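Chemist: Below is the file final.txt, with compact mmCIF, C-alpha atoms (C1' of nucleotides).
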```
# COMPACT_ATOMS: atom_id res chain seq x y z
CA MET L 50 130.42 117.41 91.25
CA ARG L 51 131.18 114.19 89.43
CA ALA L 52 129.66 113.71 86.01
CA ASP L 53 127.66 110.63 86.97
CA ALA L 54 126.22 112.47 89.94
CA ARG L 55 125.02 115.37 87.83
CA ASP L 56 123.65 112.88 85.38
CA ASN L 57 121.72 110.97 87.99
CA ARG L 58 120.36 114.15 89.46
CA ALA L 59 118.88 115.03 86.09
CA ARG L 60 117.41 111.55 85.65
CA ILE L 61 115.82 111.78 89.08
CA MET L 62 114.28 115.15 88.32
CA THR L 63 112.83 113.87 85.07
CA ALA L 64 111.43 110.78 86.74
CA ALA L 65 110.00 112.77 89.62
CA ASP L 66 108.37 115.18 87.23
CA ASP L 67 106.68 112.28 85.52
CA VAL L 68 105.72 110.26 88.60
CA PHE L 69 104.39 113.16 90.64
CA GLY L 70 102.59 114.38 87.56
CA ARG L 71 100.56 111.19 87.57
CA SER L 72 100.05 110.98 91.29
CA PRO L 73 101.34 113.53 93.79
CA SER L 74 101.22 110.96 96.57
CA ALA L 75 103.62 108.59 94.86
CA SER L 76 106.46 107.18 96.95
CA THR L 77 110.13 107.98 96.66
CA ASP L 78 110.76 104.37 95.66
CA ASP L 79 108.60 104.86 92.61
CA VAL L 80 110.73 107.79 91.55
CA ALA L 81 113.95 105.85 92.12
CA ARG L 82 112.65 102.88 90.18
CA LEU L 83 111.65 104.97 87.18
CA ALA L 84 114.92 106.86 87.28
CA GLY L 85 116.78 103.57 87.36
CA VAL L 86 118.76 104.40 90.51
CA GLY L 87 118.74 103.20 94.12
CA ILE L 88 116.63 104.88 96.77
CA ALA L 89 119.72 106.12 98.56
CA THR L 90 120.76 108.01 95.48
CA VAL L 91 117.53 109.94 95.45
CA PHE L 92 117.98 110.87 99.08
CA ARG L 93 121.59 111.84 98.54
CA HIS L 94 120.53 114.43 96.00
CA PHE L 95 117.36 115.51 97.78
CA PRO L 96 117.70 114.99 101.54
CA THR L 97 113.96 115.03 102.13
CA LYS L 98 110.97 114.24 99.99
CA THR L 99 109.82 117.81 100.46
CA GLU L 100 112.95 119.10 98.81
CA LEU L 101 112.42 116.81 95.87
CA LEU L 102 108.85 117.95 95.47
CA GLU L 103 109.92 121.51 95.71
CA ALA L 104 112.56 121.06 93.04
CA VAL L 105 109.95 119.60 90.69
CA LEU L 106 107.54 122.40 91.51
CA THR L 107 110.18 125.02 90.85
CA LEU L 108 111.02 123.43 87.53
CA ARG L 109 107.40 123.48 86.45
CA LEU L 110 106.90 127.06 87.43
CA GLU L 111 110.02 128.10 85.60
CA ARG L 112 108.82 126.33 82.49
CA LEU L 113 105.51 128.15 82.64
CA ARG L 114 107.27 131.45 83.20
CA ASP L 115 109.49 130.80 80.19
CA ARG L 116 106.48 130.00 78.07
CA ALA L 117 104.84 133.23 79.19
CA LEU L 118 107.96 135.26 78.46
CA GLU L 119 108.23 133.66 75.06
CA LEU L 120 104.63 134.59 74.23
CA ALA L 121 105.18 138.09 75.56
CA GLY L 122 107.31 138.76 72.51
CA SER L 123 104.31 138.19 70.24
CA ASP L 124 102.95 141.06 68.17
CA ASP L 125 99.36 140.11 69.02
CA PRO L 126 99.16 140.50 72.82
CA GLY L 127 95.52 139.48 73.00
CA LYS L 128 96.14 136.23 71.18
CA ALA L 129 99.25 135.62 73.27
CA PHE L 130 97.36 136.03 76.54
CA PHE L 131 94.48 133.74 75.62
CA GLU L 132 96.80 131.18 74.12
CA PHE L 133 98.78 131.03 77.35
CA PHE L 134 95.65 130.77 79.47
CA THR L 135 94.24 128.01 77.28
CA GLN L 136 97.46 126.10 77.23
CA VAL L 137 97.86 126.14 80.99
CA VAL L 138 94.33 124.87 81.50
CA SER L 139 94.58 122.20 78.80
CA GLU L 140 97.84 120.85 80.10
CA SER L 141 96.54 120.76 83.61
CA ALA L 142 93.80 118.47 82.46
CA SER L 143 96.32 115.82 81.51
CA LYS L 144 99.24 116.75 83.73
CA LEU L 145 97.75 116.82 87.17
CA ALA L 146 100.69 118.53 88.72
CA ILE L 147 100.64 121.83 86.93
CA SER L 148 97.59 122.98 88.77
CA GLU L 149 99.01 121.69 92.02
CA ALA L 150 102.11 123.67 91.25
CA LEU L 151 100.15 126.80 90.60
CA THR L 152 98.31 126.63 93.87
CA ALA L 153 101.22 125.42 95.94
CA ALA L 154 103.20 128.34 94.62
CA GLY L 155 100.78 130.68 96.28
CA ALA L 156 100.56 129.01 99.63
CA ALA L 157 103.29 126.93 101.26
CA ALA L 158 106.58 126.02 99.56
CA GLY L 159 110.15 126.97 100.36
CA GLU L 160 112.05 129.95 99.12
CA ASP L 161 113.09 128.58 95.73
CA ALA L 162 109.58 127.61 94.78
CA ARG L 163 108.18 130.85 96.08
CA ALA L 164 110.62 132.82 93.99
CA ALA L 165 109.69 130.78 90.94
CA GLY L 166 106.04 131.42 91.71
CA ARG L 167 106.65 135.14 91.83
CA GLY L 168 108.53 134.99 88.53
CA MET L 169 105.68 133.11 86.91
CA ARG L 170 103.13 135.52 88.24
CA GLU L 171 105.09 138.52 87.02
CA ALA L 172 105.34 137.05 83.56
CA PHE L 173 101.60 136.40 83.62
CA ASN L 174 101.03 139.96 84.71
CA GLY L 175 103.06 141.16 81.72
CA LEU L 176 100.95 139.11 79.35
CA LEU L 177 97.74 140.39 80.88
CA THR L 178 98.57 144.08 80.90
CA ALA L 179 99.80 143.90 77.32
CA ALA L 180 96.51 142.30 76.32
CA GLN L 181 94.64 145.01 78.17
CA ARG L 182 96.62 147.77 76.47
CA ALA L 183 95.80 146.17 73.15
CA GLY L 184 92.12 146.27 74.06
CA ALA L 185 91.71 142.48 74.07
CA VAL L 186 90.92 142.19 77.76
CA ARG L 187 88.81 144.50 79.89
CA SER L 188 90.96 147.05 81.64
CA ASP L 189 89.29 146.83 85.03
CA ALA L 190 90.37 143.24 85.61
CA GLU L 191 93.27 142.95 88.04
CA THR L 192 95.99 140.35 87.89
CA ALA L 193 94.95 138.72 91.16
CA GLU L 194 91.48 137.71 90.07
CA VAL L 195 92.43 136.72 86.56
CA TYR L 196 95.22 134.57 87.95
CA ALA L 197 92.76 133.04 90.39
CA LEU L 198 90.46 132.31 87.51
CA MET L 199 93.22 130.50 85.66
CA ILE L 200 94.11 128.44 88.70
CA GLY L 201 90.47 127.60 89.25
CA ALA L 202 89.89 126.59 85.66
CA SER L 203 93.02 124.44 85.79
CA ARG L 204 92.08 122.71 88.97
CA GLY L 205 88.53 122.23 87.86
CA ALA L 206 89.62 120.74 84.57
CA THR L 207 92.10 118.47 86.31
CA ALA L 208 89.85 117.19 89.01
CA ALA L 209 86.68 116.73 87.05
CA ASN L 210 88.66 115.56 84.09
CA LEU L 211 86.44 117.25 81.63
CA GLU L 212 85.89 116.28 78.04
CA PRO L 213 87.75 118.67 75.76
CA ARG L 214 84.49 119.99 74.34
CA VAL L 215 83.17 120.97 77.76
CA ARG L 216 86.53 122.40 78.77
CA ASP L 217 86.58 124.59 75.69
CA ARG L 218 83.05 125.77 76.25
CA MET L 219 83.90 126.59 79.84
CA LEU L 220 86.89 128.61 78.64
CA GLY L 221 84.56 130.35 76.21
CA LEU L 222 82.41 131.53 79.09
CA ILE L 223 85.45 132.75 80.97
CA TYR L 224 86.80 134.58 77.95
CA ASP L 225 83.50 136.33 77.41
CA GLY L 226 83.72 137.54 80.98
CA LEU L 227 87.19 138.90 80.28
CA ALA L 228 86.16 140.70 77.11
CA PRO L 229 86.20 144.52 77.17
CA ARG L 230 82.96 145.96 78.50
CA SER L 231 80.91 147.60 75.80
CA MET J 16 69.63 98.85 115.69
CA ARG J 17 70.28 99.73 119.30
CA ALA J 18 69.83 103.33 120.34
CA ASP J 19 73.45 103.87 121.42
CA ALA J 20 74.67 102.45 118.15
CA ARG J 21 72.59 104.84 116.08
CA ASP J 22 73.73 107.61 118.34
CA ASN J 23 77.39 106.80 117.89
CA ARG J 24 76.97 106.53 114.16
CA ALA J 25 75.66 110.06 114.06
CA ARG J 26 78.47 111.36 116.26
CA ILE J 27 81.02 109.70 113.98
CA MET J 28 79.50 111.24 110.89
CA THR J 29 79.55 114.68 112.45
CA ALA J 30 83.14 114.30 113.57
CA ALA J 31 84.22 112.93 110.19
CA ASP J 32 82.54 115.81 108.43
CA ASP J 33 84.50 118.21 110.56
CA VAL J 34 87.86 116.44 110.51
CA PHE J 35 87.90 115.67 106.80
CA GLY J 36 86.72 119.19 106.14
CA ARG J 37 89.91 120.47 107.69
CA SER J 38 92.22 117.91 106.16
CA PRO J 39 91.11 115.14 103.83
CA SER J 40 94.16 113.08 104.71
CA ALA J 41 93.28 112.91 108.41
CA SER J 42 93.48 109.51 110.07
CA THR J 43 90.63 107.41 111.32
CA ASP J 44 91.95 107.83 114.84
CA ASP J 45 91.46 111.54 114.58
CA VAL J 46 87.83 111.00 113.72
CA ALA J 47 87.35 108.56 116.57
CA ARG J 48 89.00 110.91 119.04
CA LEU J 49 86.84 113.84 118.06
CA ALA J 50 83.72 111.70 118.10
CA GLY J 51 84.66 110.48 121.57
CA VAL J 52 84.50 106.79 120.67
CA GLY J 53 87.04 104.01 120.18
CA ILE J 54 88.58 103.27 116.81
CA ALA J 55 86.84 99.94 116.62
CA THR J 56 83.49 101.65 116.83
CA VAL J 57 84.28 103.69 113.78
CA PHE J 58 85.25 100.59 111.85
CA ARG J 59 82.18 98.74 113.02
CA HIS J 60 79.96 101.35 111.47
CA PHE J 61 82.12 101.97 108.41
CA PRO J 62 84.11 98.85 107.56
CA THR J 63 86.67 100.75 105.50
CA LYS J 64 87.90 104.30 105.50
CA THR J 65 86.63 104.63 101.96
CA GLU J 66 83.09 103.93 103.09
CA LEU J 67 83.37 106.56 105.78
CA LEU J 68 84.63 109.11 103.31
CA GLU J 69 81.88 108.20 100.94
CA ALA J 70 79.25 108.63 103.62
CA VAL J 71 80.56 112.11 104.39
CA LEU J 72 80.70 112.95 100.72
CA THR J 73 77.14 111.79 100.20
CA LEU J 74 75.96 113.86 103.13
CA ARG J 75 77.60 116.97 101.76
CA LEU J 76 76.17 116.47 98.31
CA GLU J 77 72.72 115.94 99.71
CA ARG J 78 73.00 119.14 101.71
CA LEU J 79 73.95 121.06 98.61
CA ARG J 80 71.12 119.50 96.66
CA ASP J 81 68.68 120.46 99.39
CA ARG J 82 69.96 124.00 99.36
CA ALA J 83 69.51 124.11 95.60
CA LEU J 84 65.99 122.73 95.81
CA GLU J 85 65.14 125.24 98.48
CA LEU J 86 66.35 128.11 96.31
CA ALA J 87 64.48 126.71 93.34
CA GLY J 88 61.28 127.78 95.01
CA SER J 89 62.34 131.42 94.85
CA ASP J 90 60.38 133.85 92.69
CA ASP J 91 63.60 135.41 91.38
CA PRO J 92 65.33 132.57 89.53
CA GLY J 93 68.29 134.71 88.47
CA LYS J 94 69.03 135.77 92.01
CA ALA J 95 68.52 132.22 93.23
CA PHE J 96 71.02 130.82 90.74
CA PHE J 97 73.77 133.33 91.47
CA GLU J 98 73.21 133.08 95.17
CA PHE J 99 73.68 129.34 95.04
CA PHE J 100 76.79 129.62 92.90
CA THR J 101 78.29 132.22 95.22
CA GLN J 102 77.47 130.28 98.31
CA VAL J 103 79.05 127.08 97.03
CA VAL J 104 82.25 128.88 96.12
CA SER J 105 82.41 130.86 99.37
CA GLU J 106 81.89 127.83 101.53
CA SER J 107 84.48 125.87 99.61
CA ALA J 108 87.01 128.49 100.51
CA SER J 109 86.63 127.70 104.17
CA LYS J 110 85.35 124.15 104.06
CA LEU J 111 87.93 122.42 101.97
CA ALA J 112 85.87 119.35 101.46
CA ILE J 113 82.96 120.71 99.52
CA SER J 114 84.99 121.18 96.41
CA GLU J 115 86.56 117.79 96.87
CA ALA J 116 83.08 116.41 97.16
CA LEU J 117 81.97 118.10 93.99
CA THR J 118 84.82 116.74 91.95
CA ALA J 119 84.88 113.31 93.50
CA ALA J 120 81.21 113.05 92.75
CA GLY J 121 81.96 113.27 89.08
CA ALA J 122 84.82 110.84 88.94
CA ALA J 123 85.32 107.93 91.33
CA ALA J 124 83.04 107.25 94.30
CA GLY J 125 80.68 104.39 95.00
CA GLU J 126 77.05 104.12 94.08
CA ASP J 127 75.60 106.14 96.94
CA ALA J 128 77.86 109.08 96.37
CA ARG J 129 77.33 108.91 92.63
CA ALA J 130 73.59 108.97 93.09
CA ALA J 131 73.90 111.96 95.40
CA GLY J 132 76.09 113.63 92.82
CA ARG J 133 73.46 113.11 90.14
CA GLY J 134 70.80 114.51 92.45
CA MET J 135 72.87 117.58 93.16
CA ARG J 136 73.59 118.10 89.51
CA GLU J 137 69.94 117.80 88.58
CA ALA J 138 68.98 120.37 91.18
CA PHE J 139 71.69 122.65 89.83
CA ASN J 140 70.36 122.13 86.34
CA GLY J 141 66.91 123.19 87.53
CA LEU J 142 68.31 126.36 89.01
CA LEU J 143 70.23 127.14 85.85
CA THR J 144 67.44 126.58 83.35
CA ALA J 145 65.03 128.63 85.45
CA ALA J 146 67.56 131.47 85.49
CA GLN J 147 67.93 131.16 81.74
CA ARG J 148 64.17 131.24 81.18
CA ALA J 149 64.05 134.36 83.31
CA GLY J 150 66.69 135.94 81.08
CA ALA J 151 69.28 136.22 83.84
CA VAL J 152 71.76 133.81 82.26
CA ARG J 153 72.67 133.44 78.60
CA SER J 154 70.64 130.70 77.01
CA ASP J 155 73.45 129.06 75.06
CA ALA J 156 75.30 127.99 78.21
CA GLU J 157 74.89 124.28 78.93
CA THR J 158 74.78 122.74 82.36
CA ALA J 159 78.01 120.82 81.87
CA GLU J 160 80.23 123.84 81.39
CA VAL J 161 78.54 126.02 83.97
CA TYR J 162 78.86 123.23 86.49
CA ALA J 163 82.50 122.84 85.54
CA LEU J 164 82.95 126.53 86.09
CA MET J 165 81.48 126.29 89.56
CA ILE J 166 83.72 123.36 90.46
CA GLY J 167 86.73 125.21 89.12
CA ALA J 168 85.94 128.38 91.02
CA SER J 169 85.43 126.34 94.18
CA ARG J 170 88.65 124.46 93.85
CA GLY J 171 90.54 127.54 92.90
CA ALA J 172 89.21 129.44 95.88
CA THR J 173 89.97 126.55 98.21
CA ALA J 174 93.45 125.84 97.06
CA ALA J 175 94.72 129.34 96.61
CA ASN J 176 92.82 130.45 99.63
CA LEU J 177 91.89 133.72 98.18
CA GLU J 178 91.07 136.87 100.04
CA PRO J 179 87.32 137.50 99.93
CA ARG J 180 87.80 140.63 97.85
CA VAL J 181 89.68 138.76 95.12
CA ARG J 182 87.24 135.90 95.27
CA ASP J 183 84.32 138.24 94.74
CA ARG J 184 86.04 140.00 91.88
CA MET J 185 86.77 136.63 90.28
CA LEU J 186 83.10 135.72 90.62
CA GLY J 187 82.25 139.05 89.05
CA LEU J 188 84.25 138.13 85.96
CA ILE J 189 82.55 134.76 85.79
CA TYR J 190 79.10 136.26 86.15
CA ASP J 191 79.77 138.72 83.38
CA GLY J 192 80.63 135.77 81.17
CA LEU J 193 77.34 134.15 82.08
CA ALA J 194 75.30 137.26 81.35
CA PRO J 195 72.93 137.17 78.36
CA ARG J 196 74.67 138.13 75.12
CA SER J 197 73.62 141.48 73.84
C1' DA H 78 147.54 101.91 85.12
C1' DG H 79 146.77 102.69 90.05
C1' DA H 80 145.28 105.34 93.95
C1' DT H 81 141.56 107.53 96.16
C1' DA H 82 137.72 110.15 96.96
C1' DA H 83 133.18 110.39 95.62
C1' DA H 84 128.93 108.11 94.42
C1' DC H 85 126.18 103.97 94.23
C1' DG H 86 122.56 100.31 95.65
C1' DG H 87 120.09 97.48 98.65
C1' DA H 88 119.11 95.90 103.11
C1' DG H 89 117.83 97.81 107.23
C1' DT H 90 114.91 101.06 110.93
C1' DG H 91 111.23 103.50 113.09
C1' DA H 92 106.94 105.70 112.67
C1' DT H 93 102.39 105.94 110.98
C1' DG H 94 97.99 104.38 109.76
C1' DA H 95 94.34 101.07 108.24
C1' DC H 96 92.12 97.36 110.11
C1' DT H 97 91.23 93.11 113.82
C1' DT H 98 90.63 90.75 118.16
C1' DC H 99 88.59 89.98 122.38
C1' DG H 100 87.31 90.76 127.10
C1' DA H 101 84.34 94.41 129.43
C1' DA H 102 80.25 97.16 129.49
C1' DT H 103 75.43 98.23 128.49
C1' DA H 104 70.80 98.36 126.37
C1' DT H 105 66.64 95.85 125.87
C1' DA H 106 63.29 91.77 126.70
C1' DT H 107 61.28 89.04 130.12
C1' DA K 40 66.23 92.38 138.39
C1' DT K 41 68.43 89.30 135.31
C1' DA K 42 69.74 87.21 131.15
C1' DT K 43 71.75 87.82 126.76
C1' DA K 44 72.73 89.67 122.67
C1' DT K 45 74.72 93.65 120.93
C1' DT K 46 78.02 97.29 121.19
C1' DC K 47 82.06 99.22 123.09
C1' DG K 48 87.29 100.39 123.51
C1' DA K 49 92.25 99.42 124.07
C1' DA K 50 95.83 96.82 122.66
C1' DG K 51 97.36 94.45 119.05
C1' DT K 52 98.83 93.12 113.65
C1' DC K 53 100.56 94.10 109.25
C1' DA K 54 101.84 96.88 105.35
C1' DT K 55 103.77 101.11 103.65
C1' DC K 56 106.87 104.79 103.46
C1' DA K 57 110.39 108.25 104.56
C1' DC K 58 114.93 107.99 105.63
C1' DT K 59 119.90 105.65 107.11
C1' DC K 60 124.05 102.50 107.05
C1' DC K 61 127.65 100.39 104.96
C1' DG K 62 130.17 97.41 101.82
C1' DT K 63 130.96 97.83 96.78
C1' DT K 64 131.70 100.21 92.49
C1' DT K 65 133.38 103.87 89.52
C1' DA K 66 135.03 108.38 87.87
C1' DT K 67 138.87 111.28 87.88
C1' DC K 68 143.82 112.70 88.80
C1' DT K 69 148.62 111.63 88.48
```
Could I get this structure in the form of structure tokens?

Modeler:
Amino acid sequence: MRADARDNRARIMTAADDVFGRSPSASTDDVARLAGVGIATVFRHFPTKTELLEAVLTLRLERLRDRALELAGSDDPGKAFFEFFTQVVSESASKLAISEALTAAGAAAGEDARAAGRGMREAFNGLLTAAQRAGAVRSDAETAEVYALMIGASRGATAANLEPRVRDRMLGLIYDGLAPRS
Amino acid sequence: MRADARDNRARIMTAADDVFGRSPSASTDDVARLAGVGIATVFRHFPTKTELLEAVLTLRLERLRDRALELAGSDDPGKAFFEFFTQVVSESASKLAISEALTAAGAAAGEDARAAGRGMREAFNGLLTAAQRAGAVRSDAETAEVYALMIGASRGATAANLEPRVRDRMLGLIYDGLAPRS
DNA sequence: AGATAAACGGAGTGATGACTTCGAATATAT
DNA sequence: ATATATTCGAAGTCATCACTCCGTTTATCT
């Protein structure tokens, strides 16, 4: 692949990440404009809009997975888990697309995105079980429902665009529900 | 207003409720087709698509408010509160649009829908404070965050379309977080 | 430096969907 | 029953958007 092509591909991905983050229904022209390339160039790299969306989605999921893996190295698993949870929800509030990504990863999406979704979920599972072993999270909570809770909190925060104070208080309620049973 | 006109208006509302419940991006033609009227008739009653959506939204919110008010009469405020919460989340899972309605009611939306949103929220507040007085819900939880939690759970359940078992377990975690602090 | 294969941009194209127009149909008042 | 004012529906209009075509530019290889 020629250097300028690889370069443009990266610019398009960055632009798409930004544009679709603001509004998932944005047009391909918007992406091209922000990337500073022609529309045809976008379509040369991503033959359909779906493929472009999927590439962005995959990128986001991989980023989240990396963040989770990074935190998994922490020596305070409880703190690591709650920090990750909080960060995902907080970022969703401003970056619309993360919560979309999280849900889309479950449902539709092509193979790449699905694989990325699985990777992300595995990393999350690692964080959760470590926190449970450390006694920071109740042991009877399964990954599925805790993950669902995170998605829900993200989407709720995004859609209702909550004030930070309310968001934090909401997270407080959730965290109390996740605390070990006495 | 002529009888057939009022009749058609009702049919359109019912059809729109159904169609937008399945897919919020459905076209006006779809609504007209299901209602069994021409497109022009839809536009005569609702000059823009936005107004039609808003009418549906308002209807949904009013239904929820009525349900809340009905439950407020119960002699077990704790049970009434949790039943309402559960019902809203469960129905969202199948009827896509309720959670949209709940979030839209907070943010955008015209005056009618906003008023309906306030009504719904007030009814919810009544349910919550009664449950708190009865000692079924922790007293330091404010309406804002509990409402946010309900919206989040709804949207999460809708988007991820959770299996009922996982949904119920997720609700279990939430309810433990809402329990009075010991 | 010059050849050439790859990549580029912008002007199309076709489909979709919100909204309008206008002649036909129908409910209500006399 | 008939007049008429209101409502109806099908065929349009216009804008938007995903996607294509093709003449021009540019990176890389010798």

Chemist: Can you list, as JSON, numbers by chain, every protein, DNA or RNA residue that comes within 12 Å of DG79 in chain H when you count only C-alpha atoms (C1' of nucleotides), leaving out same-chain residues fewer than 5 positions away?

Modeler: {"K": [67, 68, 69]}

Chemist: Mind listing whatever residues come within 10 Å of the point (68.3, 128.3, 91.7)? Use all atoms listed in the file, file coordinates, and give them as JSON, numbers by chain.

Modeler: {"J": [82, 83, 84, 85, 86, 87, 88, 89, 90, 91, 92, 93, 94, 95, 96, 97, 98, 99, 100, 138, 139, 140, 141, 142, 143, 144, 145, 146]}

Chemist: Would you list the contacts of DT103 in chain H as a list of chain:residue names, taking every protein, DNA or RNA residue within 10 Å and counting all atoms listed in the file, but skipping same-chain residues closer than 4 positions in sequence?

Modeler: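 Residues near the query, excluding close chain neighbours: J:Asp19, K:DT45, K:DT46, K:DC47.
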
Chemist: Using all atoms listed in the file, which residues sit within 10 Å of range 161-170 of chain L once same-chain residues fewer than 3 positions away are excluded, as a PyMOL selection string?

Modeler: chain L and resi 100+102-118+150-158+173-176+192-193+196

Chemist: Using all atoms listed in the file, find each residue of chain L with at least one atom at most 9 Å away from an atom of chain H; report its shortest atom-to-atom pair and that distance in Å (one decimal), sort the rows by chain and rising residue number, and return the result as CSV.

Modeler:
```
residue,atom,partner,partner_atom,distance
L:Met50,CA,H:DA83,C1',8.7
L:Arg51,CA,H:DA83,C1',7.5
L:Asp53,CA,H:DA84,C1',8.0
L:Ala54,CA,H:DA84,C1',6.8
L:Val86,CA,H:DG86,C1',7.6
L:Gly87,CA,H:DG86,C1',5.0
L:Ile88,CA,H:DG86,C1',7.6
L:Ala89,CA,H:DG86,C1',7.1
L:Thr90,CA,H:DC85,C1',6.9
```

Chemist: K:DC61, K:DA54, K:DA42, K:DA49: which is nearest chain J, counting only C-alpha atoms (C1' of nucleotides)?

Modeler: K:DA49

Chemist: Report, in Å with one decimal, the straight-line distance from CA of Met199 in chain L to CA of Val186 in chain L.

Modeler: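 The value is 14.3 Å.
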
Chemist: Quick one: contact table of chain J to chain L, 6 Å max, nearest atom pair and distance in Å to one decimal per residue, counting all atoms listed in the file, chain and number order, as a Markdown table?

Modeler:
```
| residue | atom | partner | partner_atom | distance |
| --- | --- | --- | --- | --- |
| J:Thr118 | CA | L:Ala209 | CA | 5.2 |
| J:Glu160 | CA | L:Met219 | CA | 4.8 |
| J:Ile166 | CA | L:Gly205 | CA | 5.6 |
| J:Gly167 | CA | L:Gly205 | CA | 3.7 |
| J:Ala168 | CA | L:Gly201 | CA | 4.9 |
| J:Arg170 | CA | L:Gly201 | CA | 5.9 |
| J:Gly171 | CA | L:Gly201 | CA | 3.7 |
| J:Ala174 | CA | L:Thr152 | CA | 5.9 |
| J:Ala175 | CA | L:Thr152 | CA | 5.3 |
| J:Val181 | CA | L:Glu194 | CA | 5.5 |
| J:Met185 | CA | L:Glu194 | CA | 4.8 |
| J:Leu188 | CA | L:Gly226 | CA | 5.0 |
| J:Ile189 | CA | L:Gly226 | CA | 5.7 |
| J:Asp191 | CA | L:Gly226 | CA | 4.8 |
| J:Gly192 | CA | L:Gly226 | CA | 3.6 |
```

Chemist: Check every residue of chain L for an atom within 9 Å of chain K, counting only C-alpha atoms (C1' of nucleotides), and provide those that qualify as a PyMOL selection string.

Modeler: chain L and resi 51-53+76-78+89+92+96-98

Chemist: Write the residues of the selection above to a file with C-alpha atoms, as a compact mmCIF listing (two decimals), keeping the file's coordinate frame.

Modeler:
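The resulting file, result-v6.txt, is shown below:
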```txt
# COMPACT_ATOMS: atom_id res chain seq x y z
CA ARG L 51 131.18 114.19 89.43
CA ALA L 52 129.66 113.71 86.01
CA ASP L 53 127.66 110.63 86.97
CA SER L 76 106.46 107.18 96.95
CA THR L 77 110.13 107.98 96.66
CA ASP L 78 110.76 104.37 95.66
CA ALA L 89 119.72 106.12 98.56
CA PHE L 92 117.98 110.87 99.08
CA PRO L 96 117.70 114.99 101.54
CA THR L 97 113.96 115.03 102.13
CA LYS L 98 110.97 114.24 99.99
```

Chemist: Could you jot down the CA of Arg148 in chain J to CA of Val104 in chain J separation for me, Å, one decimal place?

Modeler: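 Result for CA of Arg148 in chain J versus CA of Val104 in chain J: 23.6 Å, one decimal.
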
Chemist: Tell me, in Å to one decimal, how far CA of Arg82 in chain L is from CA of Ala64 in chain L.

Modeler: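 These two atoms are separated by 8.7 Å.
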